[in-house]
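Asker: Starting off with a structure, shown below.
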Amino acid sequence: MTEAQDTAADSSLRITGGTPPDDAGSSVTGAPTPLLEPREGIPPVVTDAAALAEVVAAFAAGSGPVAVDAERASGYRYGQRAYLVQLRREGAGSALIDPVACPDLSGFGEALSGVEWVLHAATQDLPCLREIGMSPTRLFDTELAGRLAGFPRVGLGAMVEGVLGFVLEKGHSAVDWSTRPLPEPWLRYAALDVELLVDLRDALEKELDRQGKLEWALQEFDAIAAAPPAEPRKDPWRRTSGMHKVRRRRQLGVVRELWETRDRIAQRRDVSPGKVLSDAAIVEAALALPGSVHALAALNGFGHRMGRRQLEQWQAAVDRARSLPEPALPQPGQPVTGPPPPRAWADKDPAAAARLSAARAGVTALAERLNMPQENLVSPDTVRRICWEPPRSVDTGSVEEALAGYGARAWQVELVTPVLVSALSAKGA
């Protein structure tokens with residue numbers, strides 16, 4: 001077992017009763033216990049300004065970190081907006097808030113200024129929380145903490161069971177959270193997701209401290225909290241599933257036209273794009289280049305239960321791509337802003353390929369010794385970029401500067417610099 005797993009199995013970190021361990025760390029050991037009800041029951045859903053003001057005041061008067069979670073309607077609605085926000089804080093209990101009825105939750109930002117927010121997989125929830133005015137200045141990410149501590153399974157259910165000894169019911173994780181009113185079993189599930197989040201945070205903090213990794217984790221959490229919103233993805237249509245089958249520029253043009261038409265319709269109807277037209281159907285039409293509605297209807301994804309009007313709108317998109325002049329057609333592949341794919345390095349630059357091989361081996365060995373995933377130790381893209389274009393003079397200072405320039409945190413720079421200096425200086429590299 002790893003050190004982290006040993007600690008997870010230790011009775012001082014396992015809770016199998018109905019409350020967290022006492023201050024002395026004692027707890028009852030045994031089989032994991034199903035967590036069936038929130039401690040104070042299911043809180044009412046906040047749907048108006050008066051109730052929201054009361055909850056904000058209660059959380060401002062609470063103590064300690066605040067557990068935060070959000071539920072989206074991925075696969076059902078367009079975009080990634082929040083349809084339910086859950087919070088819990090000592091002294092305030094739990095709260096369930098409807099961000100559709102209460103779209104401005106910036107009051108929590110003011111009431112909880114300087115308070116640590118505890119989230120699981122923070123980068124997934126922060127974009128939708130920021131849309132409704134909720135932006136933490138400090139946070140603790142229990143999923144990332146689990147990765148750094150070496151846990152092999154870092155989903156919330158696995159972490160709560162392995163560390164705290166409770167089993168969370170996960171049957172409602174993929175439901176349509178835009179449903180109104182939300183069924184009681186869904187609300188129970190949502191409330192339970194924040195029920196033990198602070199307890200999990202406290203246990204993981206102790207484990208990270210025991211392993212000497214707590215400062216590393218705090219640097220990671222600060223970086224997440226300070227990170228600006230992600231830039232819009234360029235040419236998002238290129239991420240259509242099955243794109244590897246599409247080779248010719250005219251076919252790429254069809255994918256682009258169908259994808260953009262689908263996106264406009266999905267946004268207008270507020271439904272998931274996949275419910276409007278599947279990626280497989282887009283690729284099928286691009287490969288076939290149908291010249292008529294009849295030909296389009298014969299393709300997989302178009303004929304079954306699709307009306308004439310719908311077929312005509314898709315055929316119009318195909319026709320637009322078919323009529324584009326050659327210079328207006330998209331180029332194959334995306335513009336490369338960094339190094340070429342590693343598989344091409346041996347032919348393009350054998351010395352760079354040798355550097356990358358040595359660097360990967362060193363990073364892998366170091367990550368194994370530290371008992372954490374390689375990608376959390378250092379970004380693979382950063383390693384590739386430094387190996388492709390190493391500093392003019394390879395030494396500790398230049399490699400530290402290069403790593404910091406690519407966004408590596410101080411703890412990563414300290415640990416990874418000796419590995420990269422050795423790899424970049426190796427014979428044959």
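Ordering of the structure tokens sets the chain letters (A, B, ...), residue numbers begin anew at 1 in every chain, and ligands are numbered from 1 in the order given.
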Tell me which protein, DNA and RNA residues are within 8 Å of A:Arg249, counting only C-alpha atoms, leaving out same-chain ones fewer than 2 positions away, and put them as a VMD selection string.
Answerer: chain A and resid 247 251 to 253 329 to 332
Asker: Find the residues near A:Leu196: any atom within 12 Å, counting only C-alpha atoms, skip ones fewer than 6 places away on the same chain, and give them as a PDB file with C-alpha atoms, in the first residue's frame.
Answerer:
```pdb
ATOM      1  CA  ILE A  15     -15.534   7.618  10.196  1.00  0.00           C
ATOM      2  CA  GLY A  18     -22.952   9.488  11.967  1.00  0.00           C
ATOM      3  CA  THR A  19     -20.527  12.251  12.975  1.00  0.00           C
ATOM      4  CA  PRO A  20     -16.891  13.213  12.306  1.00  0.00           C
ATOM      5  CA  PRO A  21     -14.239  11.955  14.748  1.00  0.00           C
ATOM      6  CA  LEU A  35     -24.904   8.079   4.031  1.00  0.00           C
ATOM      7  CA  GLU A  37     -29.809  11.653   4.977  1.00  0.00           C
ATOM      8  CA  PRO A  38     -28.258  15.090   5.584  1.00  0.00           C
ATOM      9  CA  ARG A  39     -27.729  15.783   9.287  1.00  0.00           C
ATOM     10  CA  PRO A  65     -14.365  26.720   5.455  1.00  0.00           C
ATOM     11  CA  VAL A  66     -17.464  26.574   3.256  1.00  0.00           C
ATOM     12  CA  ALA A  67     -18.200  23.493   1.141  1.00  0.00           C
ATOM     13  CA  VAL A  68     -19.447  24.385  -2.358  1.00  0.00           C
ATOM     14  CA  ASP A  69     -20.787  22.281  -5.219  1.00  0.00           C
ATOM     15  CA  LEU A  87     -23.228  25.043   0.227  1.00  0.00           C
ATOM     16  CA  ARG A  88     -22.458  23.964   3.772  1.00  0.00           C
ATOM     17  CA  ARG A  89     -20.662  25.732   6.620  1.00  0.00           C
ATOM     18  CA  GLU A  90     -20.291  25.160  10.329  1.00  0.00           C
ATOM     19  CA  GLY A  93     -25.848  24.131   7.981  1.00  0.00           C
ATOM     20  CA  SER A  94     -26.521  23.304   4.335  1.00  0.00           C
ATOM     21  CA  VAL A 118     -13.841  23.582  -0.437  1.00  0.00           C
ATOM     22  CA  LEU A 119     -14.681  22.094  -3.834  1.00  0.00           C
ATOM     23  CA  HIS A 120     -14.158  18.714  -5.443  1.00  0.00           C
ATOM     24  CA  THR A 142     -10.299  17.701  -2.485  1.00  0.00           C
ATOM     25  CA  LEU A 156     -15.870  12.174  -4.536  1.00  0.00           C
ATOM     26  CA  GLY A 157     -17.607   8.889  -3.710  1.00  0.00           C
ATOM     27  CA  MET A 159     -12.630   9.552  -1.510  1.00  0.00           C
ATOM     28  CA  VAL A 160     -15.468   9.827   1.006  1.00  0.00           C
ATOM     29  CA  GLU A 161     -15.592   6.044   1.327  1.00  0.00           C
ATOM     30  CA  VAL A 163     -11.040   8.321   3.851  1.00  0.00           C
ATOM     31  CA  LEU A 164     -14.203   8.863   5.894  1.00  0.00           C
ATOM     32  CA  GLY A 165     -15.869   5.462   5.740  1.00  0.00           C
ATOM     33  CA  PHE A 166     -19.174   6.612   4.251  1.00  0.00           C
ATOM     34  CA  VAL A 167     -20.830   5.484   1.013  1.00  0.00           C
ATOM     35  CA  LEU A 168     -22.441   8.251  -1.078  1.00  0.00           C
ATOM     36  CA  ALA A 190     -27.222  17.164  -3.873  1.00  0.00           C
ATOM     37  CA  ASP A 202      -9.519  18.220   7.004  1.00  0.00           C
ATOM     38  CA  ALA A 203      -8.464  14.579   6.666  1.00  0.00           C
TER      39      ALA A 203
END
```
Asker: What are the DSSP strand (DSSP E or B) residues of stretch 3-220 of chain A, as a PDB file with N, CA and C atoms, in the first residue's frame?
Answerer:
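Output file result16.pdb is given in full below:
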```pdb
ATOM      1  N   THR A  33     -20.331   2.911   5.859  1.00  0.00           N
ATOM      2  CA  THR A  33     -21.726   3.140   6.219  1.00  0.00           C
ATOM      3  C   THR A  33     -22.422   3.968   5.142  1.00  0.00           C
ATOM      4  N   PRO A  34     -23.560   3.525   4.623  1.00  0.00           N
ATOM      5  CA  PRO A  34     -24.297   4.347   3.654  1.00  0.00           C
ATOM      6  C   PRO A  34     -24.717   5.669   4.280  1.00  0.00           C
ATOM      7  N   VAL A  45     -35.237  24.574  -1.088  1.00  0.00           N
ATOM      8  CA  VAL A  45     -34.515  25.223  -2.182  1.00  0.00           C
ATOM      9  C   VAL A  45     -34.797  26.721  -2.149  1.00  0.00           C
ATOM     10  N   VAL A  46     -33.742  27.524  -2.166  1.00  0.00           N
ATOM     11  CA  VAL A  46     -33.868  28.978  -2.139  1.00  0.00           C
ATOM     12  C   VAL A  46     -34.228  29.469  -3.535  1.00  0.00           C
ATOM     13  N   SER A  63     -18.725  29.655  10.655  1.00  0.00           N
ATOM     14  CA  SER A  63     -17.288  29.606  10.941  1.00  0.00           C
ATOM     15  C   SER A  63     -16.622  28.525  10.097  1.00  0.00           C
ATOM     16  N   GLY A  64     -15.328  28.728   9.852  1.00  0.00           N
ATOM     17  CA  GLY A  64     -14.547  27.733   9.124  1.00  0.00           C
ATOM     18  C   GLY A  64     -14.778  27.760   7.625  1.00  0.00           C
ATOM     19  N   PRO A  65     -14.219  26.778   6.913  1.00  0.00           N
ATOM     20  CA  PRO A  65     -14.365  26.720   5.455  1.00  0.00           C
ATOM     21  C   PRO A  65     -15.816  26.490   5.044  1.00  0.00           C
ATOM     22  N   VAL A  66     -16.130  26.813   3.798  1.00  0.00           N
ATOM     23  CA  VAL A  66     -17.464  26.574   3.256  1.00  0.00           C
ATOM     24  C   VAL A  66     -17.364  25.558   2.127  1.00  0.00           C
ATOM     25  N   ALA A  67     -18.149  24.502   2.202  1.00  0.00           N
ATOM     26  CA  ALA A  67     -18.200  23.493   1.141  1.00  0.00           C
ATOM     27  C   ALA A  67     -19.118  23.999   0.031  1.00  0.00           C
ATOM     28  N   VAL A  68     -18.683  23.868  -1.220  1.00  0.00           N
ATOM     29  CA  VAL A  68     -19.447  24.385  -2.358  1.00  0.00           C
ATOM     30  C   VAL A  68     -19.478  23.334  -3.465  1.00  0.00           C
ATOM     31  N   ASP A  69     -20.647  23.183  -4.080  1.00  0.00           N
ATOM     32  CA  ASP A  69     -20.787  22.281  -5.219  1.00  0.00           C
ATOM     33  C   ASP A  69     -21.830  22.881  -6.157  1.00  0.00           C
ATOM     34  N   ALA A  70     -21.825  22.447  -7.394  1.00  0.00           N
ATOM     35  CA  ALA A  70     -22.808  22.926  -8.368  1.00  0.00           C
ATOM     36  C   ALA A  70     -23.218  21.769  -9.260  1.00  0.00           C
ATOM     37  N   GLU A  71     -24.465  21.781  -9.662  1.00  0.00           N
ATOM     38  CA  GLU A  71     -24.985  20.764 -10.583  1.00  0.00           C
ATOM     39  C   GLU A  71     -25.342  21.425 -11.904  1.00  0.00           C
ATOM     40  N   ARG A  72     -24.862  20.816 -12.997  1.00  0.00           N
ATOM     41  CA  ARG A  72     -25.151  21.331 -14.337  1.00  0.00           C
ATOM     42  C   ARG A  72     -26.082  20.351 -15.056  1.00  0.00           C
ATOM     43  N   ALA A  82     -24.904  26.611 -14.190  1.00  0.00           N
ATOM     44  CA  ALA A  82     -25.310  25.908 -12.974  1.00  0.00           C
ATOM     45  C   ALA A  82     -26.829  25.939 -12.848  1.00  0.00           C
ATOM     46  N   TYR A  83     -27.405  24.806 -12.458  1.00  0.00           N
ATOM     47  CA  TYR A  83     -28.842  24.720 -12.213  1.00  0.00           C
ATOM     48  C   TYR A  83     -29.169  24.469 -10.746  1.00  0.00           C
ATOM     49  N   LEU A  84     -28.151  24.193  -9.945  1.00  0.00           N
ATOM     50  CA  LEU A  84     -28.333  24.080  -8.498  1.00  0.00           C
ATOM     51  C   LEU A  84     -26.975  24.324  -7.856  1.00  0.00           C
ATOM     52  N   VAL A  85     -26.968  25.107  -6.785  1.00  0.00           N
ATOM     53  CA  VAL A  85     -25.734  25.356  -6.035  1.00  0.00           C
ATOM     54  C   VAL A  85     -25.953  24.873  -4.602  1.00  0.00           C
ATOM     55  N   GLN A  86     -25.003  24.083  -4.097  1.00  0.00           N
ATOM     56  CA  GLN A  86     -25.081  23.560  -2.740  1.00  0.00           C
ATOM     57  C   GLN A  86     -23.934  24.134  -1.910  1.00  0.00           C
ATOM     58  N   LEU A  87     -24.240  24.525  -0.692  1.00  0.00           N
ATOM     59  CA  LEU A  87     -23.228  25.043   0.227  1.00  0.00           C
ATOM     60  C   LEU A  87     -23.443  24.460   1.616  1.00  0.00           C
ATOM     61  N   ARG A  88     -22.370  24.391   2.371  1.00  0.00           N
ATOM     62  CA  ARG A  88     -22.458  23.964   3.772  1.00  0.00           C
ATOM     63  C   ARG A  88     -21.327  24.622   4.548  1.00  0.00           C
ATOM     64  N   ARG A  89     -21.678  25.126   5.754  1.00  0.00           N
ATOM     65  CA  ARG A  89     -20.662  25.732   6.620  1.00  0.00           C
ATOM     66  C   ARG A  89     -21.050  25.518   8.070  1.00  0.00           C
ATOM     67  N   GLU A  90     -20.058  25.323   8.897  1.00  0.00           N
ATOM     68  CA  GLU A  90     -20.291  25.160  10.329  1.00  0.00           C
ATOM     69  C   GLU A  90     -21.049  26.368  10.870  1.00  0.00           C
ATOM     70  N   GLY A  93     -25.221  25.304   8.560  1.00  0.00           N
ATOM     71  CA  GLY A  93     -25.848  24.131   7.981  1.00  0.00           C
ATOM     72  C   GLY A  93     -25.672  24.100   6.477  1.00  0.00           C
ATOM     73  N   SER A  94     -26.590  23.432   5.788  1.00  0.00           N
ATOM     74  CA  SER A  94     -26.521  23.304   4.335  1.00  0.00           C
ATOM     75  C   SER A  94     -27.564  24.191   3.674  1.00  0.00           C
ATOM     76  N   ALA A  95     -27.298  24.572   2.443  1.00  0.00           N
ATOM     77  CA  ALA A  95     -28.238  25.375   1.664  1.00  0.00           C
ATOM     78  C   ALA A  95     -28.256  24.870   0.233  1.00  0.00           C
ATOM     79  N   LEU A  96     -29.434  24.863  -0.364  1.00  0.00           N
ATOM     80  CA  LEU A  96     -29.617  24.532  -1.776  1.00  0.00           C
ATOM     81  C   LEU A  96     -30.207  25.769  -2.451  1.00  0.00           C
ATOM     82  N   ILE A  97     -29.554  26.267  -3.482  1.00  0.00           N
ATOM     83  CA  ILE A  97     -29.980  27.510  -4.124  1.00  0.00           C
ATOM     84  C   ILE A  97     -30.243  27.270  -5.602  1.00  0.00           C
ATOM     85  N   GLU A 116     -12.061  30.187   3.063  1.00  0.00           N
ATOM     86  CA  GLU A 116     -11.652  29.108   2.164  1.00  0.00           C
ATOM     87  C   GLU A 116     -12.882  28.347   1.666  1.00  0.00           C
ATOM     88  N   TRP A 117     -12.960  28.170   0.344  1.00  0.00           N
ATOM     89  CA  TRP A 117     -14.026  27.380  -0.260  1.00  0.00           C
ATOM     90  C   TRP A 117     -13.484  25.982  -0.540  1.00  0.00           C
ATOM     91  N   VAL A 118     -14.246  24.970  -0.195  1.00  0.00           N
ATOM     92  CA  VAL A 118     -13.841  23.582  -0.437  1.00  0.00           C
ATOM     93  C   VAL A 118     -14.676  23.041  -1.589  1.00  0.00           C
ATOM     94  N   LEU A 119     -14.017  22.660  -2.668  1.00  0.00           N
ATOM     95  CA  LEU A 119     -14.681  22.094  -3.834  1.00  0.00           C
ATOM     96  C   LEU A 119     -14.014  20.789  -4.211  1.00  0.00           C
ATOM     97  N   ARG A 138      -9.839  32.032  -1.906  1.00  0.00           N
ATOM     98  CA  ARG A 138      -9.045  30.920  -1.392  1.00  0.00           C
ATOM     99  C   ARG A 138      -9.859  29.645  -1.589  1.00  0.00           C
ATOM    100  N   LEU A 139      -9.187  28.550  -1.919  1.00  0.00           N
ATOM    101  CA  LEU A 139      -9.923  27.299  -2.077  1.00  0.00           C
ATOM    102  C   LEU A 139      -9.065  26.103  -1.704  1.00  0.00           C
ATOM    103  N   PHE A 140      -9.752  25.001  -1.486  1.00  0.00           N
ATOM    104  CA  PHE A 140      -9.125  23.696  -1.230  1.00  0.00           C
ATOM    105  C   PHE A 140      -9.853  22.713  -2.135  1.00  0.00           C
ATOM    106  N   ASP A 141      -9.112  22.079  -3.034  1.00  0.00           N
ATOM    107  CA  ASP A 141      -9.695  21.138  -3.996  1.00  0.00           C
ATOM    108  C   ASP A 141      -9.434  19.714  -3.502  1.00  0.00           C
ATOM    109  N   PHE A 166     -17.770   6.490   4.618  1.00  0.00           N
ATOM    110  CA  PHE A 166     -19.174   6.612   4.251  1.00  0.00           C
ATOM    111  C   PHE A 166     -19.355   6.295   2.773  1.00  0.00           C
ATOM    112  N   VAL A 167     -20.497   5.763   2.411  1.00  0.00           N
ATOM    113  CA  VAL A 167     -20.830   5.484   1.013  1.00  0.00           C
ATOM    114  C   VAL A 167     -21.864   6.509   0.549  1.00  0.00           C
TER     115      VAL A 167
END
```
Asker: Near A:Lys213, counting only C-alpha atoms, which residues have an atom at most 12 Å away, once you skip same-chain residues fewer than 4 positions from it, shown as a PyMOL selection string?
Answerer: chain A and resi 4+144-150+204-209+217-220+370-372+377+411-412+415
Asker: With a distance cut-off of 10 Å and only C-alpha atoms, select the neighbouring residues of A:Ser292, excluding the residue or stretch itself and same-chain residues fewer than 5 positions from it, and output the selection as a list of chain:residue names.
Answerer: A:Ala297, A:Leu311, A:Glu312, A:Gln315, A:Ala316, A:Val318, A:Asp319
Asker: Next, the residues of the selection above should be written as a compact mmCIF listing (two decimals), in the first residue's frame with N, CA and C atoms.
Answerer:
```txt
# COMPACT_ATOMS: atom_id res chain seq x y z
N ALA A 297 -30.94 12.11 -46.71
CA ALA A 297 -31.85 11.30 -45.90
C ALA A 297 -31.44 9.83 -45.86
N LEU A 311 -34.27 18.27 -42.67
CA LEU A 311 -33.34 17.79 -43.69
C LEU A 311 -32.89 18.92 -44.61
N GLU A 312 -33.81 19.81 -44.93
CA GLU A 312 -33.47 20.92 -45.83
C GLU A 312 -32.47 21.87 -45.19
N GLN A 315 -29.13 20.11 -45.40
CA GLN A 315 -28.65 20.08 -46.78
C GLN A 315 -28.17 21.47 -47.21
N ALA A 316 -28.84 22.51 -46.72
CA ALA A 316 -28.40 23.87 -47.05
C ALA A 316 -27.00 24.12 -46.51
N VAL A 318 -24.70 21.77 -46.05
CA VAL A 318 -23.80 21.01 -46.93
C VAL A 318 -23.59 21.76 -48.23
N ASP A 319 -24.65 22.33 -48.80
CA ASP A 319 -24.55 23.06 -50.07
C ASP A 319 -23.66 24.28 -49.93
```
Asker: From the set A:Leu420, A:Ala353, A:Ala410, A:Cys128, which residue has the shortest atom-to-atom contact distance to A:Gln80, counting only C-alpha atoms?
Answerer: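 Comparing A:Leu420, A:Ala353, A:Ala410, A:Cys128 against A:Gln80, the winner is A:Cys128.
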Asker: If I take atom CA of A:Arg233 and atom CA of A:Val283, how far is one from the other in Å, to one decimal?
Answerer: 20.3 Å
Asker: Looking at A:His244, A:Arg130, A:Arg392, A:Arg308, which one is nearest to A:Phe108, with distances taken over only C-alpha atoms?
Answerer: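 When distances to A:Phe108 are compared using only C-alpha atoms, the smallest one comes from A:Arg130.
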Asker: Fewer than 2 positions away in the same chain doesn't count, so skip those; otherwise give me all residues within 6 Å of A:Ala101, counting only C-alpha atoms, as a PyMOL selection string.
Answerer: chain A and resi 47+98-99
Asker: Give me, as a VMD selection string, the residues of stretch 244-320 of chain A that a backbone DSSP run labels helix (DSSP H, G or I).
Answerer: chain A and resid 244 to 245 249 to 269 273 to 276 279 to 288 293 to 297 308 to 320
Asker: Restricting the calculation to only C-alpha atoms: of A:Ser178, A:Ser357, A:Arg409, A:Arg81, which residue gets closest to A:Arg343?
Answerer: A:Ser357
Asker: So, counting only C-alpha atoms, which residue among A:Val115, A:Ser74, A:Asp193, A:Arg305 is closest to A:Ala174?
Answerer: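 Residue with the minimum atom-to-atom distance to A:Ala174: A:Ser74.
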